[in-house]
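Below is one structure, written out as structure tokens; the observations come after it.
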Amino acid sequence: MISIKNLSFSFFNSDRKALDDISLEIPDSQFIAITGPSGCGKSTLALAIGGYIPHVFEGRIKGTVTIGGRRTTDSELSELAALVAIVQQDPESQLCTLNVLDEVAFGPENLNLSVDEVEKRVDESLAMVKASYLKGRQVYGLSGGETQRVAIASMLAMHPDVLILDEPTSNLDPTGASDVLAAIERLKMDSGMTIIVIEHKLDRLMGLADRLVVMDAGRIAFDGKPAEVLEKYHERIKAIGIRMPGLTCPTFATDGGRSTKKPLVDVRGLRASYEGKEVLHGIDLKAYPSEIVGIIGPNGSGKTTFLNILMGLHRPDSGKATVRDMDVAKVRTSELARRSGFVFQNPNHQIFEKTVYDEAAFACRNFGFSEGDIQASVQPALENYGLAVYEKKHPLGISFGEKRRLNLCSILPHGPSLILLDEPFVGQDYANVTRMCAGLLKLKSEGKAIILVSHDVDMVYKYCDRVTLFKDGRVLVDDTPGEAMRQIKTLKMRDYLPEGCQDEN
Amino acid sequence: MKIKYEKGDTFLHRLNPLTRLLVLVAYSIAIFTFDSLEIELICFLALLLIMALLRSKALLSLVVSKYLLSFVLLIFLVQVIFTRGDELIFTIPLVLFNIEVTTGGILIGLIIAFRFLTIILGSAVFVFTTDPNELAYALMKAGLPYRFGFMLVTAIRFIPIFESEAGTVRNAQAARGLEIDQGGARGILKTVRYTLMPLIVSALSKVDVLVISMEGRAFGLTASRSFLRPVRFGAADSIISLTTIITLTLLVANVWLGFFTLPHLILYY
């Protein structure tokens with residue numbers, strides 16, 4: 001049993017209370033879902049339960065956390081390790097060895113168990129997440145869903161009483177997310193563990209969770225049975241900025257009202273290879289001005305390679321791709337870059353300058369715009385996205401959602417007519433995703449063509465004019481959201497249908 | 001021409017990684033204890049034979065790569081220019097001094113060049129047959145404190161991730177019109193600022209995740225830990241290691257004690 005009494009915490013470099021007077025009793029074997037907007041303290045709470053606060057992350061702490069009669073502050077972290085296990089969001093960075101076997105054995109080996117016992121635990125843990133077939137594999141080369149299941153198995157091998165999963169699916173493609181959720185579901189059935197899942201997206205969890213805790217600004221806002229909480233506080237939970245589960249299937253536009261103008265992007269029979277292997281086997285795709293094209297599909301289906309080709313970052317083998325009548329295979333990247341903008345997935349990989357203003361002006365300066373022109377185009381862009389107040393701040397000092405808006409802001413001032421986005425929504429809460437989508441709709445109304453790749457299937461159906469399904473380097477579906485949904489249903493790829501529409505026939 | 005570990009099931013692959021490491025280190029020391037072109041040529045041919053038996057295109061392309069050849073040629077030329085002995089073959093007159101090419105100079109040039117050549121090829125064979133991860137685990141089992149061993153393991157683990165991230169960062173630069181491939185001091189400065197910084201930020205963000213993941217699995221709980229991987233130190237390992245150690249000891253001891261006479265070139269005049 002976990003008992004948290006009047007817990008408050010602030011990180012040592014901040015005055016803000018990350019946790020503000022939290023009291024929570026979690027009985028054994030409960031399955032509890034915790035949700036809340038970014039910065040509400042849900043991950044901090046997980047770290048406090050695991051003892052990483054205050055053992056690893058220092059700050060001012062008040063109140064107590066007791067697990068099975070043991071106070072986290074009085075126990076060594078390595079003792080707590082056998083009680084509480086945390087699976088984190090980023091599947092790649094939490095694995096520390098090179099082989100699946102070494103990884104799952106890592107914990108039991110640290111406990112200095114006998115070789116037989118280690119072996120037994122490895123086999124058991126892998127079987128629990130249906131990953132026994134991965135035992136002999138290298139970590140490098142696993143899919144996201146497989147990596148995350150290995151991470152879960154490596155934690156199960158510690159035989160913890162409490163398993164905490166901190167946004168375990170948000171970095172995964174829908175197929176991987178589905179596999180991981182199925183694994184969590186089996187854990188609930190087969191093990192007596194207390195399971196705490198922290199999630200932005202509640203849909204699949206609602207049927208599983210015994211209890212739902214909604215957090216906001218470091219406090220527990222609501223706590224109770226999931227269905228009751230969602231019904232009783234519906235409006236207030238919505239106001240906090242939480243994505244409500246889609247219970248009914250919305251209707252989507254089916255009219256194929258594509259403009260008769262010339263397409264901005266015209267791709268025909270495009271083939272491309274990556275490290276000597278063909279990954280795109282003849283892609284045909286068009287994008288028109290004032291249109292948002294959403295690309296969905298499993299990892300490894302060639303979506304990112306496709307975007308890279310449109311930006312001139314990767315050369316196609318054959319076929320033709322034109323952006324504003326420029327053949328991407330013949331024009332220099334810098335020439336294409338003047339007319340297109342590309343937002344990459346991880347903000348850390350695309351922030352180069354020391355102030356928010358310089359960051360937004362980066363592309364313009366590379367293209368040799370005059371400072372006067374830069375000022376005239378950067379300033380309104382920053383204002384548009386609510387970043388003007390941070391103008392002189394370091395871009396790494398702003399929040400994740402703000403960084404994502406800055407990334408979008410940084411590709412606008414030089415006036416591109418095509419905007420490419422790779423996984424723009426990952427790691428953002430619903431409020432920030434909605435805000436970003438509003439930005440995209442505005443860009444659309446200004447006549448820009450937008451192509452976005454996303455695992456967030458719901459958002460793609462909701463905001464895109466075309467839904468395009470990539471699989472194994474081919475376009476299987478390319479149509480209006482309503483029509484695409486019908487076709488994907490017949491393909492039986494239910495992970496790629498919007499929430500609430502998966503169970504109908 | 002990039003040499004990296006490749007899975008295989010040859011005799012060399014099956015040896016304990018520490019045996020291979022021992023042989024490589026011992027050879028690299030032993031080859032300096034005498035000057036014999038004949039023995040070096042035998043070693044060179046033996047290495048070529050091993051490489052042929054391993055059937056690796058990468059290894060064979062190393063032998064004929066221009067980097068290796070120019071490195072070896074450079075060593076040879078430097079020795080020829082600066083070492084003199086025995087008969088003078090010809091003289092190249094220069095303004096301040098003359099370069100005298102002698103038979104002794106050529107011989108010592110060949111000996112030193114082949115020394116480096118065989119050490120490089122031997123190292124390539126080692127890298128080709130040794131899984132760095134397996135080496136790290138073998139070292140830990142042989143007594144290296146596991147904290148240091150896992151430093152090596154996690155480093156190897158994250159190299160491919162950082163490689164792919166570096167690719168993304170360069171793409172992100174190109175997509176915003178930055179052309180970084182210009183040479184010179186400014187180019188280097190730009191590369192450092194715009195490529196290294198994002199990578200460091202990304203690496204630091206991974207540290208917290210890794211700490212939680214490793215500490216959360218009781219890393220460092222006790223002074224020693226168990227290992228699931230079996231030790232593979234067979235008869236062949238014992239024989240090879242023992243022979244290597246005895247040979248090396250004899251050769252090194254001989255340098256001071258002079259049990260037997262090995263070919264030595266004395267080139268002073």
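Quick note on naming: the chains in the structure tokens go A, B, ... in the order shown, residues restart at 1 in each chain, and ligands are numbered from 1 in order of appearance.
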
Quick one: contact table of chain A to chain B, 8 Å max, nearest atom pair and distance in Å to one decimal per residue, counting only C-alpha atoms, chain and number order, as CSV?
residue,atom,partner,partner_atom,distance
A:Gly50,CA,B:Gly216,CA,8.0
A:Tyr52,CA,B:Ile212,CA,7.3
A:Leu77,CA,B:Glu215,CA,7.1
A:Ser78,CA,B:Ala218,CA,4.4
A:Glu79,CA,B:Ala218,CA,7.3
A:Leu80,CA,B:Gly216,CA,7.9
A:Ala81,CA,B:Gly216,CA,4.9
A:Ala82,CA,B:Arg217,CA,7.4
A:Val84,CA,B:Gly216,CA,7.8
A:Ala85,CA,B:Gly216,CA,6.2
A:Ile86,CA,B:Gly216,CA,7.1
A:Val87,CA,B:Ser213,CA,7.6
A:Gln88,CA,B:Val209,CA,7.3
A:Asp90,CA,B:Val209,CA,7.8
A:Ser93,CA,B:Lys206,CA,5.8
A:Gln94,CA,B:Leu210,CA,5.1
A:Leu95,CA,B:Leu210,CA,7.3
A:Cys96,CA,B:Thr154,CA,5.3
A:Thr97,CA,B:Thr154,CA,6.0
A:Leu98,CA,B:Arg157,CA,5.7
A:Asp102,CA,B:Leu228,CA,7.7
A:Ala105,CA,B:Leu228,CA,6.9
A:Phe106,CA,B:Arg217,CA,7.3
A:Gly107,CA,B:Arg217,CA,4.6
A:Pro108,CA,B:Arg217,CA,7.8
A:Glu109,CA,B:Ser226,CA,4.8
A:Asn110,CA,B:Arg225,CA,5.3
A:Leu111,CA,B:Ala218,CA,6.6
A:Asn112,CA,B:Arg225,CA,4.6
A:Leu113,CA,B:Ser226,CA,6.3
A:Ser114,CA,B:Ser226,CA,6.7
A:Val115,CA,B:Leu228,CA,5.4
A:Val118,CA,B:Leu228,CA,6.8
A:Glu119,CA,B:Leu228,CA,7.0
A:Met155,CA,B:Arg217,CA,7.1
A:Met158,CA,B:Arg217,CA,6.8
A:Met311,CA,B:Ala175,CA,6.8
A:Leu313,CA,B:Asn171,CA,6.4
A:Thr333,CA,B:Ala174,CA,6.7
A:Ser334,CA,B:Gly177,CA,4.9
A:Ala337,CA,B:Ala175,CA,5.3
A:Arg338,CA,B:Gly177,CA,7.3
A:Gly341,CA,B:Ala175,CA,6.8
A:Phe342,CA,B:Ala175,CA,6.3
A:Val343,CA,B:Ala172,CA,7.9
A:Phe344,CA,B:Ala172,CA,7.0
A:Asn348,CA,B:Pro198,CA,5.8
A:His349,CA,B:Val169,CA,5.1
A:Gln350,CA,B:Ala172,CA,5.7
A:Ile351,CA,B:Pro198,CA,6.8
A:Phe352,CA,B:Tyr194,CA,5.5
A:Glu353,CA,B:Tyr194,CA,8.0
A:Phe362,CA,B:Arg176,CA,7.4
A:Ala363,CA,B:Arg176,CA,4.8
A:Asn366,CA,B:Gly177,CA,5.6
A:Phe367,CA,B:Gly177,CA,6.4
A:Ile411,CA,B:Arg176,CA,7.2

Pull C-alpha atoms from the residues just selected and write them as a tab-separated table (two decimals), in the first residue's frame.
chain	number	residue	atom	x	y	z
A	50	GLY	CA	9.78	5.80	-6.57
A	52	TYR	CA	13.95	9.49	-6.88
A	77	LEU	CA	17.10	4.06	-3.41
A	78	SER	CA	18.41	0.59	-4.22
A	79	GLU	CA	16.14	-0.88	-1.52
A	80	LEU	CA	13.16	0.93	-2.99
A	81	ALA	CA	14.12	-0.43	-6.40
A	82	ALA	CA	12.74	-3.82	-5.44
A	84	VAL	CA	8.69	0.36	-7.08
A	85	ALA	CA	9.59	0.28	-10.78
A	86	ILE	CA	9.14	3.13	-13.23
A	87	VAL	CA	8.83	2.69	-16.97
A	88	GLN	CA	9.48	5.99	-18.72
A	90	ASP	CA	11.30	7.53	-24.04
A	93	SER	CA	17.08	6.14	-23.56
A	94	GLN	CA	15.98	3.90	-20.71
A	95	LEU	CA	17.76	0.82	-22.01
A	96	CYS	CA	21.39	0.69	-20.89
A	97	THR	CA	22.71	-2.47	-22.54
A	98	LEU	CA	22.88	-3.75	-26.11
A	102	ASP	CA	21.39	-8.39	-20.93
A	105	ALA	CA	18.88	-9.56	-16.68
A	106	PHE	CA	20.36	-6.22	-15.62
A	107	GLY	CA	18.15	-5.70	-12.55
A	108	PRO	CA	18.30	-9.24	-11.13
A	109	GLU	CA	22.08	-9.26	-11.75
A	110	ASN	CA	22.39	-6.08	-9.70
A	111	LEU	CA	20.50	-7.83	-6.92
A	112	ASN	CA	23.32	-10.39	-7.06
A	113	LEU	CA	20.88	-13.27	-7.57
A	114	SER	CA	22.06	-16.69	-8.68
A	115	VAL	CA	22.39	-17.29	-12.41
A	118	VAL	CA	18.24	-14.49	-13.04
A	119	GLU	CA	17.48	-16.75	-15.98
A	155	MET	CA	11.32	-3.66	-14.65
A	158	MET	CA	12.81	-6.76	-10.29
A	311	MET	CA	12.95	18.87	-48.51
A	313	LEU	CA	17.51	16.01	-47.69
A	333	THR	CA	18.42	21.85	-50.59
A	334	SER	CA	19.00	25.51	-49.79
A	337	ALA	CA	14.45	25.49	-48.12
A	338	ARG	CA	13.57	29.01	-49.24
A	341	GLY	CA	9.74	24.76	-43.93
A	342	PHE	CA	10.35	21.56	-41.99
A	343	VAL	CA	9.59	21.04	-38.30
A	344	PHE	CA	11.37	17.97	-36.93
A	348	ASN	CA	16.38	19.67	-29.02
A	349	HIS	CA	17.63	18.80	-32.49
A	350	GLN	CA	16.51	22.02	-34.12
A	351	ILE	CA	17.18	24.83	-31.67
A	352	PHE	CA	20.47	26.50	-32.56
A	353	GLU	CA	20.49	30.06	-31.27
A	362	PHE	CA	17.88	31.90	-38.02
A	363	ALA	CA	16.60	30.84	-41.45
A	366	ASN	CA	21.01	32.17	-43.57
A	367	PHE	CA	19.10	33.31	-46.64
A	411	ILE	CA	10.19	28.22	-40.21

Worksheet item: Quick one: residues within 7 Å of Pro498 (chain A), only C-alpha atoms counted, chain neighbours fewer than 4 positions away excluded, as a ChimeraX atom specification?
Response: /A:457-458,461,502

Discussion item. Please list as a list of chain:residue names every residue within 12 Å of Leu250 (chain B), counting only C-alpha atoms and excluding residues in the same chain fewer than 3 positions away.
Written reply: B:Ala26, B:Ala30, B:Thr33, B:Thr243, B:Thr244, B:Ile245, B:Ile246, B:Thr247, B:Ala253, B:Asn254, B:Val255, B:Trp256, B:Leu257, B:Gly258, B:Phe259, B:Phe260, B:Leu262

Where does region 154-254 of chain A meet region 34-47 of chain A within 12 Å, residue by residue, with the nearest atom pair and distance in Å to one decimal for each, counting only C-alpha atoms, listed by chain and rising number, as CSV?
residue,atom,partner,partner_atom,distance
A:Val162,CA,A:Ala46,CA,10.8
A:Leu163,CA,A:Ala46,CA,10.1
A:Ile164,CA,A:Ala46,CA,7.0
A:Leu165,CA,A:Ala46,CA,8.7
A:Asp166,CA,A:Ser43,CA,6.7
A:Glu167,CA,A:Ser43,CA,9.0
A:Pro168,CA,A:Ser43,CA,11.9
A:Ile195,CA,A:Ile34,CA,10.7
A:Ile196,CA,A:Ile34,CA,7.2
A:Val197,CA,A:Ile34,CA,6.1
A:Ile198,CA,A:Ile34,CA,4.7
A:Glu199,CA,A:Thr35,CA,5.4
A:His200,CA,A:Thr35,CA,5.8
A:Lys201,CA,A:Thr35,CA,8.2
A:Leu202,CA,A:Thr35,CA,7.9
A:Asp203,CA,A:Thr35,CA,11.7
A:Leu205,CA,A:Ile34,CA,10.2
A:Met206,CA,A:Ile34,CA,11.1
A:Ala209,CA,A:Ile34,CA,9.6
A:Asp210,CA,A:Ile34,CA,11.2
A:Arg211,CA,A:Ile34,CA,8.5
A:Leu212,CA,A:Ile34,CA,5.9
A:Val213,CA,A:Ile34,CA,4.7
A:Val214,CA,A:Thr35,CA,5.0
A:Met215,CA,A:Gly36,CA,4.8
A:Asp216,CA,A:Cys40,CA,4.7
A:Ala217,CA,A:Cys40,CA,4.5
A:Gly218,CA,A:Gly41,CA,4.9
A:Arg219,CA,A:Cys40,CA,7.5
A:Ile220,CA,A:Cys40,CA,9.1
A:Ala221,CA,A:Gly36,CA,9.1
A:Phe222,CA,A:Thr35,CA,10.0
A:Asp223,CA,A:Ile34,CA,9.2
A:Gly224,CA,A:Ile34,CA,10.8
A:Lys225,CA,A:Ile34,CA,11.8
A:Pro226,CA,A:Ile34,CA,10.3
A:Leu230,CA,A:Thr35,CA,11.7
A:Ile237,CA,A:Gly36,CA,8.9
A:Lys238,CA,A:Gly36,CA,10.4
A:Ala239,CA,A:Pro37,CA,10.5
A:Ile240,CA,A:Pro37,CA,7.1
A:Gly241,CA,A:Pro37,CA,6.3
A:Ile242,CA,A:Gly36,CA,6.3
A:Arg243,CA,A:Gly36,CA,9.2
A:Met244,CA,A:Thr35,CA,10.8

Distance query Phe76 (chain B) at most 10 Å, only C-alpha atoms, self and fewer than 5 positions along chain excluded, as a CSV table (one decimal) with N, CA and C atoms, in the first residue's frame:
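Dumped everything to result-v5.csv:
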chain,number,residue,atom,x,y,z
B,70,SER,N,49.0,5.1,-47.8
B,70,SER,CA,49.8,6.3,-47.7
B,70,SER,C,50.4,6.5,-46.3
B,71,PHE,N,49.8,6.0,-45.3
B,71,PHE,CA,50.4,6.0,-43.9
B,71,PHE,C,51.6,5.2,-43.9
B,81,ILE,N,64.7,8.8,-45.4
B,81,ILE,CA,65.3,10.1,-45.5
B,81,ILE,C,66.3,10.3,-44.3
B,105,GLY,N,69.1,2.3,-44.7
B,105,GLY,CA,67.9,3.2,-44.5
B,105,GLY,C,66.7,2.5,-45.1
B,106,ILE,N,66.8,1.9,-46.2
B,106,ILE,CA,65.7,1.3,-46.9
B,106,ILE,C,65.2,0.1,-46.0
B,107,LEU,N,66.2,-0.7,-45.5
B,107,LEU,CA,65.9,-1.9,-44.7
B,107,LEU,C,65.1,-1.5,-43.5
B,108,ILE,N,65.6,-0.5,-42.7
B,108,ILE,CA,65.0,-0.1,-41.5
B,108,ILE,C,63.6,0.5,-41.8
B,109,GLY,N,63.5,1.2,-42.9
B,109,GLY,CA,62.2,1.8,-43.3
B,109,GLY,C,61.2,0.7,-43.6
B,110,LEU,N,61.6,-0.3,-44.2
B,110,LEU,CA,60.7,-1.4,-44.5
B,110,LEU,C,60.3,-2.1,-43.2
B,111,ILE,N,61.3,-2.3,-42.3
B,111,ILE,CA,61.0,-3.0,-41.0
B,111,ILE,C,60.0,-2.2,-40.2
B,112,ILE,N,60.2,-0.9,-40.1
B,112,ILE,CA,59.3,-0.1,-39.3
B,112,ILE,C,57.9,0.0,-39.9
B,113,ALA,N,57.9,0.1,-41.3
B,113,ALA,CA,56.6,0.2,-42.0
B,113,ALA,C,55.8,-1.0,-41.8
B,114,PHE,N,56.5,-2.2,-41.9
B,114,PHE,CA,55.8,-3.4,-41.8
B,114,PHE,C,55.3,-3.7,-40.3

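When the distance limit is 9 Å and only C-alpha atoms are what count, the residues near Lys303 (chain A), minus those fewer than 6 positions from it on the same chain, are Leu280, Ile295, Ile296, Gly297, Asp422, Val453, Phe470, Lys471 and Gly473 of chain A.
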
Practice prompt. Within 10 Å of Leu48 (chain B), counting only C-alpha atoms, which residues show up once you throw out same-chain ones fewer than 2 positions away? Write them as number ranges by chain, please.
Written response: B: 42-46, 50-54, 59-60, 63, 118, 121-122, 125
